[in-house]
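Enquirer: Below is the file data_29.txt, which contains compact mmCIF, N, CA and C atoms.
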# COMPACT_ATOMS: atom_id res chain seq x y z
N MET A 1 4.25 4.33 -27.52
CA MET A 1 5.20 4.01 -28.55
C MET A 1 6.37 3.21 -27.99
N VAL A 2 6.84 3.59 -26.83
CA VAL A 2 7.97 2.90 -26.24
C VAL A 2 7.60 1.45 -25.92
N ILE A 3 6.40 1.25 -25.37
CA ILE A 3 5.98 -0.11 -25.05
C ILE A 3 5.86 -0.94 -26.33
N GLY A 4 5.32 -0.34 -27.38
CA GLY A 4 5.20 -1.05 -28.65
C GLY A 4 6.55 -1.43 -29.21
N GLN A 5 7.52 -0.52 -29.15
CA GLN A 5 8.86 -0.82 -29.64
C GLN A 5 9.51 -1.92 -28.81
N LEU A 6 9.32 -1.85 -27.50
CA LEU A 6 9.88 -2.87 -26.63
C LEU A 6 9.24 -4.23 -26.90
N GLN A 7 7.92 -4.25 -27.05
CA GLN A 7 7.24 -5.51 -27.37
C GLN A 7 7.76 -6.09 -28.69
N HIS A 8 7.92 -5.24 -29.67
CA HIS A 8 8.42 -5.70 -30.98
C HIS A 8 9.82 -6.30 -30.84
N TRP A 9 10.71 -5.61 -30.15
CA TRP A 9 12.08 -6.10 -29.98
C TRP A 9 12.08 -7.44 -29.24
N LEU A 10 11.30 -7.53 -28.19
CA LEU A 10 11.22 -8.78 -27.45
C LEU A 10 10.65 -9.90 -28.31
N HIS A 11 9.63 -9.59 -29.10
CA HIS A 11 9.01 -10.60 -29.97
C HIS A 11 10.00 -11.13 -31.01
N ILE A 12 10.72 -10.23 -31.66
CA ILE A 12 11.66 -10.69 -32.71
C ILE A 12 12.85 -11.44 -32.12
N ASN A 13 13.07 -11.29 -30.82
CA ASN A 13 14.15 -12.01 -30.14
C ASN A 13 13.61 -13.20 -29.34
N ASP A 14 12.38 -13.60 -29.66
CA ASP A 14 11.74 -14.77 -29.03
C ASP A 14 11.72 -14.71 -27.51
N ILE A 15 11.46 -13.53 -26.98
CA ILE A 15 11.32 -13.36 -25.54
C ILE A 15 9.85 -13.11 -25.25
N PRO A 16 9.20 -14.02 -24.51
CA PRO A 16 7.76 -13.86 -24.27
C PRO A 16 7.45 -12.67 -23.37
N VAL A 17 6.34 -12.03 -23.66
CA VAL A 17 5.91 -10.87 -22.90
C VAL A 17 4.47 -11.09 -22.45
N THR A 18 4.19 -10.74 -21.22
CA THR A 18 2.84 -10.80 -20.70
C THR A 18 2.45 -9.42 -20.20
N LEU A 19 1.35 -8.90 -20.69
CA LEU A 19 0.85 -7.61 -20.24
C LEU A 19 -0.30 -7.85 -19.26
N PHE A 20 -0.32 -7.06 -18.20
CA PHE A 20 -1.37 -7.16 -17.20
C PHE A 20 -2.04 -5.82 -17.04
N LYS A 21 -3.35 -5.85 -16.82
CA LYS A 21 -4.06 -4.64 -16.41
C LYS A 21 -3.76 -4.46 -14.93
N ALA A 22 -3.71 -3.20 -14.48
CA ALA A 22 -3.38 -2.94 -13.08
C ALA A 22 -4.33 -3.67 -12.14
N PHE A 23 -5.61 -3.68 -12.45
CA PHE A 23 -6.57 -4.36 -11.58
C PHE A 23 -6.23 -5.84 -11.41
N ASP A 24 -5.83 -6.47 -12.52
CA ASP A 24 -5.52 -7.90 -12.47
C ASP A 24 -4.32 -8.21 -11.60
N TRP A 25 -3.21 -7.48 -11.80
CA TRP A 25 -2.04 -7.82 -11.01
C TRP A 25 -2.16 -7.34 -9.58
N LYS A 26 -2.86 -6.22 -9.36
CA LYS A 26 -3.02 -5.75 -7.98
C LYS A 26 -3.92 -6.69 -7.19
N SER A 27 -4.92 -7.24 -7.84
CA SER A 27 -5.79 -8.22 -7.16
C SER A 27 -5.00 -9.47 -6.79
N ARG A 28 -4.21 -9.95 -7.75
CA ARG A 28 -3.39 -11.14 -7.49
C ARG A 28 -2.39 -10.88 -6.35
N LEU A 29 -1.76 -9.71 -6.39
CA LEU A 29 -0.80 -9.36 -5.36
C LEU A 29 -1.48 -9.27 -4.00
N SER A 30 -2.65 -8.66 -3.97
CA SER A 30 -3.38 -8.51 -2.72
C SER A 30 -3.69 -9.87 -2.09
N LYS A 31 -4.13 -10.82 -2.91
CA LYS A 31 -4.42 -12.17 -2.41
C LYS A 31 -3.15 -12.84 -1.88
N ASP A 32 -2.05 -12.69 -2.61
CA ASP A 32 -0.79 -13.30 -2.20
C ASP A 32 -0.30 -12.70 -0.88
N LEU A 33 -0.35 -11.38 -0.78
CA LEU A 33 0.13 -10.72 0.44
C LEU A 33 -0.76 -11.05 1.64
N TYR A 34 -2.06 -11.16 1.42
CA TYR A 34 -2.96 -11.52 2.51
C TYR A 34 -2.64 -12.93 3.00
N LYS A 35 -2.47 -13.83 2.04
CA LYS A 35 -2.22 -15.24 2.37
C LYS A 35 -0.87 -15.46 3.03
N ASN A 36 0.17 -14.80 2.50
CA ASN A 36 1.54 -15.08 2.96
C ASN A 36 2.10 -14.09 3.97
N LYS A 37 1.53 -12.89 4.04
CA LYS A 37 2.09 -11.89 4.95
C LYS A 37 1.02 -11.20 5.80
N ASP A 38 -0.20 -11.74 5.78
CA ASP A 38 -1.32 -11.20 6.56
C ASP A 38 -1.51 -9.70 6.28
N PHE A 39 -1.34 -9.30 5.03
CA PHE A 39 -1.46 -7.91 4.61
C PHE A 39 -2.92 -7.49 4.53
N ARG A 40 -3.21 -6.31 5.04
CA ARG A 40 -4.54 -5.71 4.94
C ARG A 40 -4.41 -4.40 4.17
N ASN A 41 -5.23 -4.25 3.14
CA ASN A 41 -5.22 -3.03 2.34
C ASN A 41 -5.68 -1.85 3.18
N PRO A 42 -4.84 -0.79 3.30
CA PRO A 42 -5.22 0.37 4.10
C PRO A 42 -6.27 1.24 3.40
N SER A 43 -6.55 0.94 2.16
CA SER A 43 -7.52 1.70 1.38
C SER A 43 -8.68 0.78 0.99
N ASP A 44 -9.79 1.37 0.59
CA ASP A 44 -10.90 0.53 0.13
C ASP A 44 -10.84 0.31 -1.38
N ARG A 45 -9.74 0.76 -2.00
CA ARG A 45 -9.53 0.60 -3.44
C ARG A 45 -8.10 0.14 -3.69
N LEU A 46 -7.81 -0.18 -4.95
CA LEU A 46 -6.44 -0.55 -5.35
C LEU A 46 -5.78 0.70 -5.94
N ASP A 47 -5.55 1.68 -5.07
CA ASP A 47 -5.08 2.99 -5.49
C ASP A 47 -3.63 3.23 -5.07
N LYS A 48 -3.22 4.51 -5.06
CA LYS A 48 -1.83 4.86 -4.70
C LYS A 48 -1.49 4.41 -3.29
N GLU A 49 -2.42 4.63 -2.37
CA GLU A 49 -2.18 4.23 -0.97
C GLU A 49 -1.95 2.72 -0.89
N TYR A 50 -2.75 1.97 -1.62
CA TYR A 50 -2.58 0.52 -1.68
C TYR A 50 -1.20 0.16 -2.22
N SER A 51 -0.82 0.78 -3.34
CA SER A 51 0.46 0.46 -3.98
C SER A 51 1.63 0.67 -3.03
N LEU A 52 1.63 1.79 -2.33
CA LEU A 52 2.73 2.09 -1.40
C LEU A 52 2.77 1.07 -0.25
N ALA A 53 1.61 0.74 0.30
CA ALA A 53 1.56 -0.22 1.41
C ALA A 53 1.91 -1.63 0.94
N ALA A 54 1.42 -2.01 -0.23
CA ALA A 54 1.69 -3.36 -0.75
C ALA A 54 3.17 -3.55 -1.04
N ALA A 55 3.80 -2.54 -1.62
CA ALA A 55 5.24 -2.64 -1.91
C ALA A 55 6.04 -2.78 -0.63
N GLU A 56 5.66 -2.03 0.39
CA GLU A 56 6.37 -2.15 1.67
C GLU A 56 6.17 -3.53 2.28
N ALA A 57 4.95 -4.06 2.18
CA ALA A 57 4.69 -5.39 2.73
C ALA A 57 5.43 -6.47 1.93
N ALA A 58 5.45 -6.33 0.62
CA ALA A 58 6.06 -7.34 -0.25
C ALA A 58 7.58 -7.32 -0.17
N LEU A 59 8.14 -6.12 -0.18
CA LEU A 59 9.59 -5.99 -0.33
C LEU A 59 10.31 -5.45 0.90
N GLY A 60 9.56 -4.93 1.85
CA GLY A 60 10.18 -4.35 3.03
C GLY A 60 10.87 -3.04 2.75
N VAL A 61 10.44 -2.36 1.68
CA VAL A 61 11.05 -1.09 1.27
C VAL A 61 9.96 -0.03 1.19
N GLU A 62 10.25 1.16 1.71
CA GLU A 62 9.32 2.29 1.58
C GLU A 62 9.68 3.07 0.34
N PHE A 63 8.73 3.20 -0.58
CA PHE A 63 8.96 3.95 -1.80
C PHE A 63 8.37 5.34 -1.67
N LYS A 64 8.95 6.29 -2.42
CA LYS A 64 8.48 7.68 -2.35
C LYS A 64 7.27 7.91 -3.25
N THR A 65 7.18 7.19 -4.37
CA THR A 65 6.05 7.39 -5.29
C THR A 65 5.36 6.06 -5.55
N ASP A 66 4.10 6.16 -5.94
CA ASP A 66 3.35 4.94 -6.24
C ASP A 66 3.87 4.28 -7.51
N HIS A 67 4.47 5.05 -8.41
CA HIS A 67 5.03 4.45 -9.63
C HIS A 67 6.21 3.53 -9.29
N GLU A 68 7.06 3.98 -8.39
CA GLU A 68 8.18 3.13 -7.94
C GLU A 68 7.64 1.92 -7.20
N ALA A 69 6.62 2.14 -6.38
CA ALA A 69 6.02 1.04 -5.62
C ALA A 69 5.41 0.01 -6.57
N ASP A 70 4.71 0.48 -7.60
CA ASP A 70 4.12 -0.44 -8.57
C ASP A 70 5.20 -1.25 -9.28
N ALA A 71 6.30 -0.61 -9.63
CA ALA A 71 7.40 -1.33 -10.28
C ALA A 71 7.95 -2.42 -9.35
N GLY A 72 8.11 -2.09 -8.09
CA GLY A 72 8.58 -3.07 -7.11
C GLY A 72 7.60 -4.22 -6.96
N CYS A 73 6.31 -3.91 -6.93
CA CYS A 73 5.28 -4.94 -6.82
C CYS A 73 5.29 -5.86 -8.04
N LEU A 74 5.45 -5.29 -9.22
CA LEU A 74 5.51 -6.10 -10.44
C LEU A 74 6.72 -7.03 -10.42
N ALA A 75 7.84 -6.53 -9.91
CA ALA A 75 9.03 -7.37 -9.80
C ALA A 75 8.78 -8.51 -8.81
N TYR A 76 8.10 -8.21 -7.73
CA TYR A 76 7.75 -9.23 -6.74
C TYR A 76 6.89 -10.31 -7.37
N ILE A 77 5.88 -9.90 -8.13
CA ILE A 77 5.00 -10.86 -8.79
C ILE A 77 5.77 -11.69 -9.82
N ALA A 78 6.61 -11.03 -10.60
CA ALA A 78 7.39 -11.75 -11.62
C ALA A 78 8.27 -12.79 -10.97
N ARG A 79 8.87 -12.47 -9.86
CA ARG A 79 9.73 -13.43 -9.15
C ARG A 79 8.91 -14.61 -8.65
N LYS A 80 7.73 -14.34 -8.11
CA LYS A 80 6.88 -15.42 -7.61
C LYS A 80 6.42 -16.30 -8.76
N MET A 81 6.15 -15.73 -9.92
CA MET A 81 5.73 -16.52 -11.09
C MET A 81 6.88 -17.38 -11.59
N THR A 82 8.08 -16.86 -11.52
CA THR A 82 9.25 -17.58 -12.01
C THR A 82 9.55 -18.81 -11.14
N TYR A 83 9.38 -18.67 -9.85
CA TYR A 83 9.73 -19.75 -8.93
C TYR A 83 8.51 -20.50 -8.38
N ALA A 84 7.35 -20.24 -8.97
CA ALA A 84 6.12 -20.90 -8.48
C ALA A 84 6.04 -22.34 -8.98
What does the file become when written as C-alpha cells?
Expert:
Amino acid sequence: MVIGQLQHWLHINDIPVTLFKAFDWKSRLSKDLYKNKDFRNPSDRLDKEYSLAAAEAALGVEFKTDHEADAGCLAYIARKMTYA
C-alpha cells in the first residue's frame, strides 16, 4: 500500500518512477562492480551475503542488515544512472 501511494503521489507530480526486480538490479550491480572494482560475489547466489559484500564494495561502508545494504546498492545504481 505504501509503495502504491508513493507511486501515485510521484505520478501526479510528474516525477518518473522505475521499479526493478531484485534479480535485475543485483545482476546489473554485479556486472558494474566486477568491471569497475574487480568485485567477486562471495556467494553463489544474489542473496543476503551478496548484498552485504556488494554494498561494501560499492560504497565502502559495512552495513548491519541486508536491507540497509540493498538500499545503499540501489542508491549507488541510481547515482550511476544519473551520471551515466
Enquirer: Report, in Å to a single decimal, how far apart atom N of Ala22 (chain A) and atom N of Ala78 (chain A) are.
Expert: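 Computed distance, atom N of Ala78 (chain A) to atom N of Ala22 (chain A), equals 13.5 Å.
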Enquirer: When distances are computed from only C-alpha atoms, which of A:Phe20, A:Ala75, A:Val2, A:Ser27 shows the smallest separation from Leu46 (chain A)?
Expert: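 Residue with the minimum atom-to-atom distance to Leu46 (chain A): A:Ser27.
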Enquirer: How many Å separate CA of Leu59 (chain A) from CA of Thr18 (chain A)?
Expert: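 That distance, rounded to one decimal, is 22.0 Å.
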Enquirer: What is the distance, in Å and to one decimal place, between atom N of Asp47 (chain A) and atom N of Pro16 (chain A)?
Expert: 29.0 Å
Enquirer: Write out as a ChimeraX atom specification the set of residues from chain A that DSSP, computed on the backbone, places in alpha helix (DSSP H).
Expert: /A:2-12,22-37,48-59,66-82
Enquirer: For Glu56 (chain A), which residue among A:Asp44, A:Tyr76, A:Ile3, A:Ala69 is the nearest when counting all atoms listed in the file?
Expert: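 The shortest atom-to-atom distance to Glu56 (chain A) comes from A:Ala69.
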Enquirer: Excluding Leu52 (chain A) and its own-chain neighbours fewer than 5 positions away, which residues fall within 8 Å of it when counting only C-alpha atoms? Please give them as an mmCIF file with N, CA and C atoms, in the coordinates of the input.
Expert:
data_model
loop_
_atom_site.group_PDB
_atom_site.id
_atom_site.type_symbol
_atom_site.label_atom_id
_atom_site.label_comp_id
_atom_site.auth_asym_id
_atom_site.auth_seq_id
_atom_site.Cartn_x
_atom_site.Cartn_y
_atom_site.Cartn_z
ATOM 1 N N GLU A 62 10.250 1.160 1.710
ATOM 2 C CA GLU A 62 9.320 2.290 1.580
ATOM 3 C C GLU A 62 9.680 3.070 0.340
ATOM 4 N N PHE A 63 8.730 3.200 -0.580
ATOM 5 C CA PHE A 63 8.960 3.950 -1.800
ATOM 6 C C PHE A 63 8.370 5.340 -1.670
ATOM 7 N N THR A 65 7.180 7.190 -4.370
ATOM 8 C CA THR A 65 6.050 7.390 -5.290
ATOM 9 C C THR A 65 5.360 6.060 -5.550
ATOM 10 N N ASP A 66 4.100 6.160 -5.940
ATOM 11 C CA ASP A 66 3.350 4.940 -6.240
ATOM 12 C C ASP A 66 3.870 4.280 -7.510
ATOM 13 N N ALA A 69 6.620 2.140 -6.380
ATOM 14 C CA ALA A 69 6.020 1.040 -5.620
ATOM 15 C C ALA A 69 5.410 0.010 -6.570
ATOM 16 N N ASP A 70 4.710 0.480 -7.600
ATOM 17 C CA ASP A 70 4.120 -0.440 -8.570
ATOM 18 C C ASP A 70 5.200 -1.250 -9.280
#
Enquirer: Quick one: residues within 6.5 Å of region 37-41 of chain A, all atoms listed in the file counted, chain neighbours fewer than 4 positions away excluded, as a ChimeraX atom specification?
Expert: /A:32-33,50
Enquirer: Kindly indicate which residue among A:Ser30, A:Asn13, A:Gln5, A:Asn36 lies nearest to Cys73 (chain A), using only C-alpha atoms for the distances.
Expert: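 Using only C-alpha atoms, Cys73 (chain A) sits closest to A:Ser30.
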